[in-house]
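**Student:** Input file: coords.pdb. Contents: PDB, C-alpha atoms and all ligand atoms.
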ATOM      1  CA  MET N   1      -1.974  14.599  28.631
ATOM      2  CA  LYS N   2       1.366  13.113  29.670
ATOM      3  CA  CYS N   3       3.258  10.155  28.184
ATOM      4  CA  SER N   4       2.468   6.947  30.096
ATOM      5  CA  LYS N   5       6.141   5.937  29.814
ATOM      6  CA  CYS N   6       8.131   9.069  30.633
ATOM      7  CA  GLY N   7       5.756  11.870  31.670
ATOM      8  CA  SER N   8       6.584  14.217  28.752
ATOM      9  CA  ASP N   9       3.775  15.811  26.738
ATOM     10  CA  ALA N  10       1.857  13.160  24.821
ATOM     11  CA  VAL N  11       1.235  13.384  21.043
ATOM     12  CA  LEU N  12      -1.025  10.321  20.822
ATOM     13  CA  PHE N  13      -3.564   8.305  22.758
ATOM     14  CA  GLN N  14      -3.710   4.640  21.683
ATOM     15  CA  ASP N  15      -7.265   3.528  22.427
ATOM     16  CA  TYR N  16      -6.407  -0.153  21.915
ATOM     17  CA  SER N  17      -3.488  -0.122  24.389
ATOM     18  CA  GLY N  18      -4.800   2.569  26.752
ATOM     19  CA  MET N  19      -1.472   4.424  26.558
ATOM     20  CA  HIS N  20      -0.580   8.061  26.007
ATOM     21  CA  LEU N  21       2.723   8.445  24.155
ATOM     22  CA  CYS N  22       5.169  11.335  23.657
ATOM     23  CA  GLU N  23       6.864  11.867  20.300
ATOM     24  CA  SER N  24       9.929   9.771  21.044
ATOM     25  CA  HIS N  25       8.001   6.908  22.654
ATOM     26  CA  PHE N  26       5.464   7.001  19.816
ATOM     27  CA  THR N  27       8.292   6.843  17.253
ATOM     28  CA  ALA N  28       9.955   3.925  19.063
ATOM     29  CA  ASP N  29       6.636   2.060  19.341
ATOM     30  CA  PHE N  30       5.711   2.736  15.698
ATOM     31  CA  GLU N  31       9.057   1.737  14.213
ATOM     32  CA  GLY N  32       9.296  -1.269  16.509
ATOM     33  CA  ARG N  33       5.985  -2.607  15.227
ATOM     34  CA  ALA N  34       6.915  -2.046  11.570
ATOM     35  CA  LYS N  35      10.222  -3.872  12.140
ATOM     36  CA  LYS N  36       8.391  -6.686  13.885
ATOM     37  CA  ALA N  37       6.126  -7.180  10.842
ATOM     38  CA  ILE N  38       9.196  -7.211   8.566
ATOM     39  CA  ARG N  39      10.838  -9.899  10.748
ATOM     40  CA  LYS N  40       7.640 -11.928  11.095
ATOM     41  CA  TYR N  41       7.089 -12.190   7.343
ATOM     42  CA  ARG N  42      10.841 -12.215   6.462
ATOM     43  CA  TRP N  43      10.118  -9.330   4.105
ATOM     44  CA  ILE N  44      13.618  -7.873   3.753
ATOM     45  CA  SER N  45      16.886  -9.706   3.325
ATOM     46  CA  GLN N  46      20.448  -9.156   2.213
ATOM     47  CA  GLY N  47      20.846  -7.943  -1.367
ATOM     48  CA  ASP N  48      17.294  -6.641  -1.666
ATOM     49  CA  ARG N  49      16.490  -3.858  -4.106
ATOM     50  CA  ILE N  50      13.355  -2.295  -2.661
ATOM     51  CA  ALA N  51      11.052  -0.294  -4.920
ATOM     52  CA  VAL N  52       8.856   1.952  -2.784
ATOM     53  CA  ALA N  53       5.526   2.616  -4.493
ATOM     54  CA  MET N  54       5.215   6.368  -3.964
ATOM     55  CA  SER N  55       2.013   8.324  -4.421
ATOM     56  CA  GLY N  56       3.440  11.103  -2.276
ATOM     57  CA  GLY N  57       0.576  10.761   0.206
ATOM     58  CA  LYS N  58       1.029  10.227   3.945
ATOM     59  CA  ASP N  59       1.343   6.435   3.812
ATOM     60  CA  SER N  60       3.964   6.090   1.088
ATOM     61  CA  SER N  61       5.908   9.140   2.335
ATOM     62  CA  ALA N  62       5.966   7.707   5.861
ATOM     63  CA  LEU N  63       7.100   4.380   4.409
ATOM     64  CA  LEU N  64       9.982   5.927   2.498
ATOM     65  CA  HIS N  65      11.064   7.777   5.653
ATOM     66  CA  PHE N  66      10.906   4.603   7.728
ATOM     67  CA  LEU N  67      12.755   2.445   5.178
ATOM     68  CA  ALA N  68      15.444   5.081   4.558
ATOM     69  CA  LYS N  69      15.946   5.530   8.310
ATOM     70  CA  THR N  70      16.046   1.810   9.026
ATOM     71  CA  PHE N  71      17.863   0.411   5.985
ATOM     72  CA  GLY N  72      19.413   3.481   4.329
ATOM     73  CA  GLU N  73      22.826   2.832   5.872
ATOM     74  CA  ARG N  74      22.904  -0.801   4.798
ATOM     75  CA  ARG N  75      25.226  -1.211   1.815
ATOM     76  CA  ASP N  76      23.618  -4.497   0.838
ATOM     77  CA  ILE N  77      20.151  -2.961   0.470
ATOM     78  CA  THR N  78      19.062  -0.486  -2.209
ATOM     79  CA  ILE N  79      15.960   1.672  -1.925
ATOM     80  CA  PHE N  80      14.349   3.596  -4.777
ATOM     81  CA  ALA N  81      10.963   5.124  -5.566
ATOM     82  CA  ILE N  82       8.452   4.413  -8.335
ATOM     83  CA  SER N  83       5.481   6.703  -8.925
ATOM     84  CA  ILE N  84       2.514   5.906 -11.118
ATOM     85  CA  ASP N  85       0.904   8.912 -12.755
ATOM     86  CA  GLU N  86      -2.685   7.790 -13.323
ATOM     87  CA  GLY N  87      -3.563  11.033 -15.040
ATOM     88  CA  ILE N  88      -5.981  12.787 -12.701
ATOM     89  CA  CYS N  89      -6.390  16.403 -13.673
ATOM     90  CA  GLY N  90      -5.779  18.806 -10.813
ATOM     91  CA  TYR N  91      -4.723  16.068  -8.383
ATOM     92  CA  ARG N  92      -1.805  13.996  -9.553
ATOM     93  CA  ASP N  93       1.386  16.016  -9.665
ATOM     94  CA  MET N  94       4.758  14.290  -9.708
ATOM     95  CA  LYS N  95       6.900  17.249  -8.619
ATOM     96  CA  PRO N  96       6.271  17.052  -4.852
ATOM     97  CA  VAL N  97       6.754  13.284  -4.952
ATOM     98  CA  GLU N  98      10.069  13.634  -6.739
ATOM     99  CA  LYS N  99      11.134  16.227  -4.164
ATOM    100  CA  ILE N 100      10.467  13.846  -1.273
ATOM    101  CA  ALA N 101      12.476  11.086  -2.985
ATOM    102  CA  GLU N 102      15.305  13.545  -3.608
ATOM    103  CA  ARG N 103      15.380  14.545   0.039
ATOM    104  CA  TYR N 104      15.999  10.930   1.010
ATOM    105  CA  GLY N 105      18.631  10.558  -1.697
ATOM    106  CA  VAL N 106      16.834   7.749  -3.490
ATOM    107  CA  SER N 107      16.400   7.570  -7.244
ATOM    108  CA  PHE N 108      12.945   8.405  -8.552
ATOM    109  CA  HIS N 109      11.133   6.776 -11.464
ATOM    110  CA  SER N 110       7.807   7.963 -12.784
ATOM    111  CA  VAL N 111       5.588   6.115 -15.262
ATOM    112  CA  SER N 112       2.167   7.127 -16.546
ATOM    113  CA  PHE N 113      -1.021   5.381 -17.627
ATOM    114  CA  LYS N 114      -0.963   7.614 -20.706
ATOM    115  CA  ASP N 115       2.452   6.359 -21.834
ATOM    116  CA  ALA N 116       1.852   2.751 -20.876
ATOM    117  CA  TYR N 117      -1.771   2.309 -21.996
ATOM    118  CA  GLY N 118      -2.578   5.324 -24.147
ATOM    119  CA  PHE N 119      -5.250   6.797 -21.849
ATOM    120  CA  THR N 120      -5.546   8.465 -18.448
ATOM    121  CA  LEU N 121      -7.699   7.622 -15.425
ATOM    122  CA  ASP N 122      -9.742  10.752 -16.229
ATOM    123  CA  GLU N 123     -10.559   9.163 -19.592
ATOM    124  CA  ILE N 124     -11.586   5.867 -17.928
ATOM    125  CA  VAL N 125     -13.934   7.795 -15.626
ATOM    126  CA  ALA N 126     -15.344   9.807 -18.545
ATOM    127  CA  LYS N 127     -16.087   6.605 -20.440
ATOM    128  CA  GLN N 128     -17.090   4.189 -17.664
ATOM    129  CA  GLY N 129     -18.176   6.345 -14.730
ATOM    130  CA  ASP N 130     -16.562   6.755 -11.349
ATOM    131  CA  ARG N 131     -18.128   3.824  -9.473
ATOM    132  CA  ILE N 132     -15.948   1.161 -11.081
ATOM    133  CA  SER N 133     -12.973   3.340 -11.895
ATOM    134  CA  CYS N 134     -11.268   2.528  -8.558
ATOM    135  CA  SER N 135     -11.046  -1.177  -9.307
ATOM    136  CA  ARG N 136      -9.953  -0.494 -12.929
ATOM    137  CA  CYS N 137      -7.308   1.920 -11.680
ATOM    138  CA  GLY N 138      -6.126  -0.604  -9.068
ATOM    139  CA  VAL N 139      -5.653  -3.333 -11.689
ATOM    140  CA  LEU N 140      -3.695  -1.043 -14.018
ATOM    141  CA  ARG N 141      -1.604   0.391 -11.176
ATOM    142  CA  ARG N 142      -0.577  -3.089  -9.915
ATOM    143  CA  HIS N 143       0.170  -4.193 -13.491
ATOM    144  CA  LEU N 144       2.331  -1.174 -14.303
ATOM    145  CA  LEU N 145       4.040  -1.186 -10.917
ATOM    146  CA  ASN N 146       5.066  -4.841 -11.221
ATOM    147  CA  LYS N 147       6.339  -4.361 -14.768
ATOM    148  CA  THR N 148       8.297  -1.193 -13.929
ATOM    149  CA  ALA N 149       9.750  -2.626 -10.715
ATOM    150  CA  ARG N 150      10.904  -5.771 -12.522
ATOM    151  CA  GLU N 151      12.467  -3.775 -15.353
ATOM    152  CA  LEU N 152      14.355  -1.709 -12.762
ATOM    153  CA  GLY N 153      15.683  -4.869 -11.113
ATOM    154  CA  ALA N 154      13.618  -4.638  -7.925
ATOM    155  CA  THR N 155      13.455  -7.706  -5.691
ATOM    156  CA  LYS N 156      10.654  -6.253  -3.514
ATOM    157  CA  ILE N 157       7.841  -3.739  -3.933
ATOM    158  CA  ALA N 158       7.103  -1.860  -0.702
ATOM    159  CA  LEU N 159       3.539  -0.612  -0.246
ATOM    160  CA  GLY N 160       2.350   1.894   2.358
ATOM    161  CA  PHE N 161      -0.789  -0.125   3.203
ATOM    162  CA  ASN N 162      -1.795   0.397   6.827
ATOM    163  CA  LEU N 163      -3.967  -1.556   9.256
ATOM    164  CA  ASP N 164      -7.121   0.253   8.114
ATOM    165  CA  ASP N 165      -6.438  -0.550   4.441
ATOM    166  CA  GLU N 166      -5.860  -4.220   5.283
ATOM    167  CA  ALA N 167      -8.936  -4.493   7.488
ATOM    168  CA  GLN N 168     -11.032  -2.804   4.771
ATOM    169  CA  SER N 169      -9.700  -5.246   2.159
ATOM    170  CA  VAL N 170     -10.664  -8.267   4.267
ATOM    171  CA  LEU N 171     -14.157  -6.882   4.887
ATOM    172  CA  MET N 172     -14.577  -5.890   1.213
ATOM    173  CA  ASN N 173     -13.626  -9.373   0.050
ATOM    174  CA  ALA N 174     -16.124 -10.811   2.539
ATOM    175  CA  LEU N 175     -18.881  -8.431   1.360
ATOM    176  CA  ARG N 176     -18.154  -9.310  -2.278
ATOM    177  CA  GLY N 177     -18.177 -13.011  -1.434
ATOM    178  CA  ASP N 178     -14.675 -13.305  -2.870
ATOM    179  CA  ALA N 179     -13.456 -16.442  -1.083
ATOM    180  CA  GLU N 180     -10.660 -17.020  -3.576
ATOM    181  CA  THR N 181      -8.904 -13.755  -2.771
ATOM    182  CA  LEU N 182      -9.391 -14.327   0.967
ATOM    183  CA  VAL N 183      -7.649 -17.693   0.962
ATOM    184  CA  ARG N 184      -4.962 -17.033  -1.647
ATOM    185  CA  ARG N 185      -1.503 -16.735  -0.186
ATOM    186  CA  GLN N 186       1.163 -14.775  -1.992
ATOM    187  CA  VAL N 187       3.926 -17.146  -3.022
ATOM    188  CA  PRO N 188       7.071 -16.354  -4.975
ATOM    189  CA  ARG N 189       6.367 -16.723  -8.693
ATOM    190  CA  GLU N 190       8.494 -16.022 -11.730
ATOM    191  CA  GLY N 191       7.876 -12.483 -12.952
ATOM    192  CA  PHE N 192       5.884 -11.312  -9.924
ATOM    193  CA  ILE N 193       7.877  -9.030  -7.647
ATOM    194  CA  PRO N 194       6.979  -9.863  -4.002
ATOM    195  CA  ARG N 195       5.045  -7.074  -2.312
ATOM    196  CA  ILE N 196       5.830  -6.084   1.257
ATOM    197  CA  ARG N 197       3.640  -3.978   3.585
ATOM    198  CA  PRO N 198       5.621  -2.979   6.690
ATOM    199  CA  PHE N 199       2.742  -0.868   8.105
ATOM    200  CA  ILE N 200      -0.007  -3.521   8.010
ATOM    201  CA  HIS N 201      -0.287  -3.576  11.813
ATOM    202  CA  LEU N 202      -0.237   0.212  12.215
ATOM    203  CA  PRO N 203      -3.490   2.227  12.292
ATOM    204  CA  GLU N 204      -3.999   4.889   9.639
ATOM    205  CA  ARG N 205      -3.984   7.732  12.177
ATOM    206  CA  GLU N 206      -0.609   6.643  13.548
ATOM    207  CA  VAL N 207       0.871   6.455  10.031
ATOM    208  CA  ALA N 208      -0.519   9.951   9.402
ATOM    209  CA  LEU N 209       1.032  11.213  12.645
ATOM    210  CA  TYR N 210       4.375   9.583  11.774
ATOM    211  CA  ALA N 211       4.266  11.343   8.366
ATOM    212  CA  LEU N 212       3.354  14.681   9.978
ATOM    213  CA  LEU N 213       6.210  14.438  12.465
ATOM    214  CA  ASN N 214       8.827  13.338   9.941
ATOM    215  CA  VAL N 215       8.104  14.153   6.311
ATOM    216  CA  GLU N 216       7.979  17.595   4.799
ATOM    217  CA  GLY N 217       5.731  18.311   1.815
ATOM    218  CA  PHE N 218       3.681  15.124   1.487
ATOM    219  CA  ILE N 219       0.405  15.380  -0.426
ATOM    220  CA  GLU N 220      -2.599  15.604   1.886
ATOM    221  CA  ALA N 221      -5.520  15.372  -0.531
ATOM    222  CA  GLY N 222      -6.893  11.948  -1.402
ATOM    223  CA  CYS N 223      -7.875  10.798  -4.877
ATOM    224  CA  PRO N 224     -11.019  12.714  -5.969
ATOM    225  CA  TYR N 225     -12.551   9.541  -7.427
ATOM    226  CA  SER N 226     -12.228   7.385  -4.316
ATOM    227  CA  LYS N 227     -15.311   8.738  -2.538
ATOM    228  CA  LYS N 228     -17.827   6.705  -4.500
ATOM    229  CA  ALA N 229     -15.954   3.423  -4.344
ATOM    230  CA  LEU N 230     -17.025   0.455  -2.227
ATOM    231  CA  ARG N 231     -13.921   1.023  -0.115
ATOM    232  CA  ALA N 232     -15.185   4.427   1.022
ATOM    233  CA  ASP N 233     -18.395   2.842   2.365
ATOM    234  CA  VAL N 234     -16.506   0.034   4.067
ATOM    235  CA  ARG N 235     -14.077   2.522   5.586
ATOM    236  CA  GLU N 236     -16.936   4.489   7.127
ATOM    237  CA  ILE N 237     -18.729   1.419   8.513
ATOM    238  CA  LEU N 238     -15.494   0.113   9.986
ATOM    239  CA  ASN N 239     -14.563   3.434  11.610
ATOM    240  CA  ILE N 240     -17.980   3.713  13.255
ATOM    241  CA  TYR N 241     -17.791   0.143  14.531
ATOM    242  CA  ASN N 242     -14.165   0.486  15.605
ATOM    243  CA  TYR N 243     -14.998   3.510  17.749
ATOM    244  CA  ARG N 244     -16.754   1.260  20.252
ATOM    245  CA  HIS N 245     -14.664  -1.837  19.547
ATOM    246  CA  PRO N 246     -11.055  -0.648  19.243
ATOM    247  CA  ALA N 247      -9.652  -4.102  18.431
ATOM    248  CA  ALA N 248     -11.965  -4.699  15.453
ATOM    249  CA  LYS N 249      -9.448  -3.764  12.748
ATOM    250  CA  TYR N 250      -6.782  -6.016  14.264
ATOM    251  CA  ALA N 251      -9.330  -8.813  14.437
ATOM    252  CA  LEU N 252     -10.132  -8.449  10.722
ATOM    253  CA  VAL N 253      -6.463  -8.415   9.708
ATOM    254  CA  ASN N 254      -5.833 -11.513  11.854
ATOM    255  CA  LEU N 255      -8.866 -13.176  10.302
ATOM    256  CA  GLY N 256      -7.528 -12.431   6.816
ATOM    257  CA  GLU N 257      -4.149 -13.860   7.807
ATOM    258  CA  GLY N 258      -5.746 -16.933   9.384
ATOM    259  CA  LEU N 259      -7.827 -17.692   6.279
ATOM    260  CA  LYS N 260      -4.832 -17.792   3.957
ATOM    261  CA  GLY N 261      -4.034 -21.332   2.899
ATOM    262  CA  ASN N 262      -0.639 -22.982   2.624
ATOM    263  CA  GLU N 263       1.714 -22.415  -0.263
ATOM    264  CA  GLY N 264       0.919 -25.813  -1.751
ATOM    265  CA  ASP N 265      -2.811 -25.047  -1.814
ATOM    266  CA  ASN N 266      -2.457 -22.651  -4.723
ATOM    267  CA  LYS N 267      -3.503 -24.802  -7.624
ATOM    268  CA  THR N 268      -3.432 -22.322 -10.463
ATOM    269  CA  GLU N 269      -0.095 -21.564 -12.101
ATOM    270  CA  PRO N 270       0.530 -18.202 -13.732
ATOM    271  CA  SER N 271       0.965 -17.902 -17.469
ATOM    272  CA  ILE N 272       2.427 -15.108 -19.575
ATOM    273  CA  CYS N 273      -0.055 -12.721 -21.184
ATOM    274  CA  PRO N 274       0.549 -12.811 -24.957
ATOM    275  CA  GLU N 275      -0.489  -9.148 -25.251
ATOM    276  CA  CYS N 276       1.611  -7.431 -22.577
ATOM    277  CA  GLY N 277       4.117 -10.097 -21.518
ATOM    278  CA  GLU N 278       3.225  -9.850 -17.831
ATOM    279  CA  PRO N 279       2.632 -12.964 -15.713
ATOM    280  CA  VAL N 280      -1.091 -13.484 -15.080
ATOM    281  CA  PHE N 281      -3.515 -15.882 -13.417
ATOM    282  CA  GLY N 282      -6.179 -16.641 -16.003
ATOM    283  CA  GLU N 283      -7.259 -13.762 -18.201
ATOM    284  CA  CYS N 284      -5.119 -10.581 -18.113
ATOM    285  CA  GLN N 285      -7.316  -7.985 -16.401
ATOM    286  CA  ALA N 286      -5.135  -5.073 -17.505
ATOM    287  CA  CYS N 287      -5.294  -6.017 -21.188
ATOM    288  CA  ARG N 288      -9.061  -6.498 -20.889
ATOM    289  CA  ILE N 289      -9.409  -2.930 -19.574
ATOM    290  CA  VAL N 290      -7.207  -1.629 -22.403
ATOM    291  CA  MET N 291      -9.454  -3.482 -24.926
ATOM    292  CA  GLU N 292     -12.602  -2.009 -23.343
ATOM    293  CA  MET N 293     -11.150   1.474 -23.597
ATOM    294  CA  LYS N 294     -10.225   1.040 -27.253
ATOM    295  CA  ARG N 295     -13.673  -0.205 -28.202
TER     296      ARG N 295
HETATM  297 ZN    ZN W 301       7.542   9.317  26.539
HETATM  298 ZN    ZN W 302      -1.798  -8.463 -20.521
END
Could you quickly redo this structure as structure tokens?
**Tutor:**
Amino acid sequence: MKCSKCGSDAVLFQDYSGMHLCESHFTADFEGRAKKAIRKYRWISQGDRIAVAMSGGKDSSALLHFLAKTFGERRDITIFAISIDEGICGYRDMKPVEKIAERYGVSFHSVSFKDAYGFTLDEIVAKQGDRISCSRCGVLRRHLLNKTARELGATKIALGFNLDDEAQSVLMNALRGDAETLVRRQVPREGFIPRIRPFIHLPEREVALYALLNVEGFIEAGCPYSKKALRADVREILNIYNYRHPAAKYALVNLGEGLKGNEGDNKTEPSICPECGEPVFGECQACRIVMEMKR
């Protein structure tokens, strides 16, 4: 197949646009759409210290490459990497992640569940099973990431979430009947580092291709515990549906965006958790998980 724009060999067919793209036109299209999302949401500004949440997988590795390429030369913007070691035997290994960060010349910071909470994700799974471990892990990861980023002086946390992740989240919240999460808009709050997701309009397969073309040594295996989670089911349903309706994921992400209320609609104010000192809405989920594990 030939590129619809220049006639060179194509590396990608975009089913939703009907276009075949060569490597350089794919790269231009991909980066253009990530930059557009950053402009639309005013995600990056002068003086920002951006902490890239690095698992070392395709999404976060692609994100580091994109941010370093786009903002690496800017003297007023600092980029660094934070990795969370959940403690998954035979899967989580920080060495390759550190190597990727090194290659981009950004400083690398690694923190572990074991050091922060006293137990690993393997121990959560052993005690509570692997059906709920994904949500437990997600709570602890967000908690530790926010704390670490703030302590390192970050003004933004950059996440490698792609279009598929976002669409899955919207559908999962709908299937759980979680209206509150669907309508809650992220607003700047003391203690919470704003989270940015430059790839939210880019399909997973394009992020994977961008990583393959640009990043050496990213980790290809997914988390061994993720297969039983609700997200895995939703991902499968959505991929089957999307095959015949290529705009479905965009529609879900737009729906999620459209449901979010205005800043002033958020009635609850955060408080500071007396146990861990992190800002929280209501009960601190992370400290509740730590209590459960100690019981
Ligand atoms: Zn081309
Ligand atoms: Zn707490």
**Student:** In terms of the shortest atom-to-atom distance over only C-alpha atoms, which of N:Met54, N:Ile193, N:Ile88, N:Leu255 is closest to Leu152 of chain N?
**Tutor:**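 The answer is N:Ile193, which sits nearest to Leu152 of chain N.
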**Student:** Determine, counting only C-alpha atoms, which protein, DNA and RNA residues have an atom within 8 Å of an atom of Asp130 of chain N; residues of the same chain fewer than 4 positions away are not included. Present the result as an MDAnalysis selection string.
**Tutor:** chainID N and resid 125:126 134 225 228:229
**Student:** List as a list in words the protein and nucleic acid residues near Ala34 of chain N, meaning an atom at most 10 Å away when all atoms listed in the file are counted, but skip any in the same chain fewer than 6 places from it.
**Tutor:**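 So, after excluding close chain neighbours, the residues are Lys40, Leu63, Phe66, Leu67, Arg197, Pro198, Phe199, Ile200, His201 and Leu202 of chain N.
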**Student:** Hey, which residues sit close to ligand ZN 302 (chain W)? Say within 9 Å, counting all atoms listed in the file, and write them as a list of chain:residue names.
**Tutor:** N:His143, N:Ile272, N:Cys273, N:Pro274, N:Glu275, N:Cys276, N:Gly277, N:Glu278, N:Pro279, N:Val280, N:Glu283, N:Cys284, N:Gln285, N:Ala286, N:Cys287, N:Arg288, N:Val290
**Student:** Please, which residues are within 10 Å of (-6.9, -15.5, -2.6) by the file's coordinates, counting only C-alpha atoms, and could they come as a PyMOL selection string?
**Tutor:** chain N and resi 173+178-186+256+259-261+266
**Student:** Taking all atoms listed in the file into account, which residues are within 7 Å of ligand ZN 301 (chain W), as a list in words?
**Tutor:**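 Counting only what the definition allows, namely all atoms listed in the file, the set is Cys3, Ser4, Lys5, Cys6, Gly7, Ser8, Leu21, Cys22, Glu23, Ser24 and His25 of chain N.
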**Student:** Nearest to Leu209 of chain N: which of N:Lys58, N:Lys2, N:Arg75, N:Arg42 is it, counting all atoms listed in the file?
**Tutor:**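 For Leu209 of chain N, the nearest of the candidates is N:Lys58.
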**Student:** Select, counting only C-alpha atoms, all protein, DNA and RNA residues no farther than 12 Å from (-0.5, 5.2, 15.7) in file coordinates, and express the selection as a ChimeraX atom specification.
**Tutor:** /N:11-17,19-23,25-34,162-164,199-213
**Student:** At a cut-off of 10 Å, using all atoms listed in the file, what residues contact Lys127 of chain N? Leave out same-chain residues fewer than 6 positions from it and give the result as a ChimeraX atom specification.
**Tutor:** /N:121,133,292-293
**Student:** Which residue is closest to Ile82 of chain N? Choose from N:Met172, N:Leu159, N:Ile38, N:Ile196 and count only C-alpha atoms.
**Tutor:**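 That would be N:Leu159, the residue with the smallest distance to Ile82 of chain N.
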**Student:** Which residues match the PyMOL selection byres (((chain N and resi 110) around 9) and not hetatm) in the file above, as a PyMOL selection string?
**Tutor:** chain N and resi 81-85+94+98+108-109+111-112
**Student:** Atom CA of Arg141 of chain N and atom CA of Phe119 of chain N, how far apart in Å?
**Tutor:** 13.0 Å
**Student:** Select, from N:Asp48, N:Glu86, N:Asp76, N:Glu236, the residue with the minimum atom-to-atom distance to Val139 of chain N, counting only C-alpha atoms.
**Tutor:** N:Glu86
**Student:** Using atom CA of Ser107 of chain N and atom CA of Pro224 of chain N as the two end points, give the distance in Å to one decimal.
**Tutor:**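 We find that atom CA of Ser107 of chain N and atom CA of Pro224 of chain N lie 27.9 Å from each other.
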**Student:** Suppose you want the space between atom CA of Arg195 of chain N and atom CA of Lys156 of chain N; what is it in Å?
**Tutor:**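 The value is 5.8 Å.
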**Student:** Ranking N:Gly138, N:Gly153, N:Gly129, N:Gly217 by minimum distance to Val97 of chain N and counting all atoms listed in the file, which one comes first?
**Tutor:**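 Smallest distance to Val97 of chain N is found for N:Gly217.
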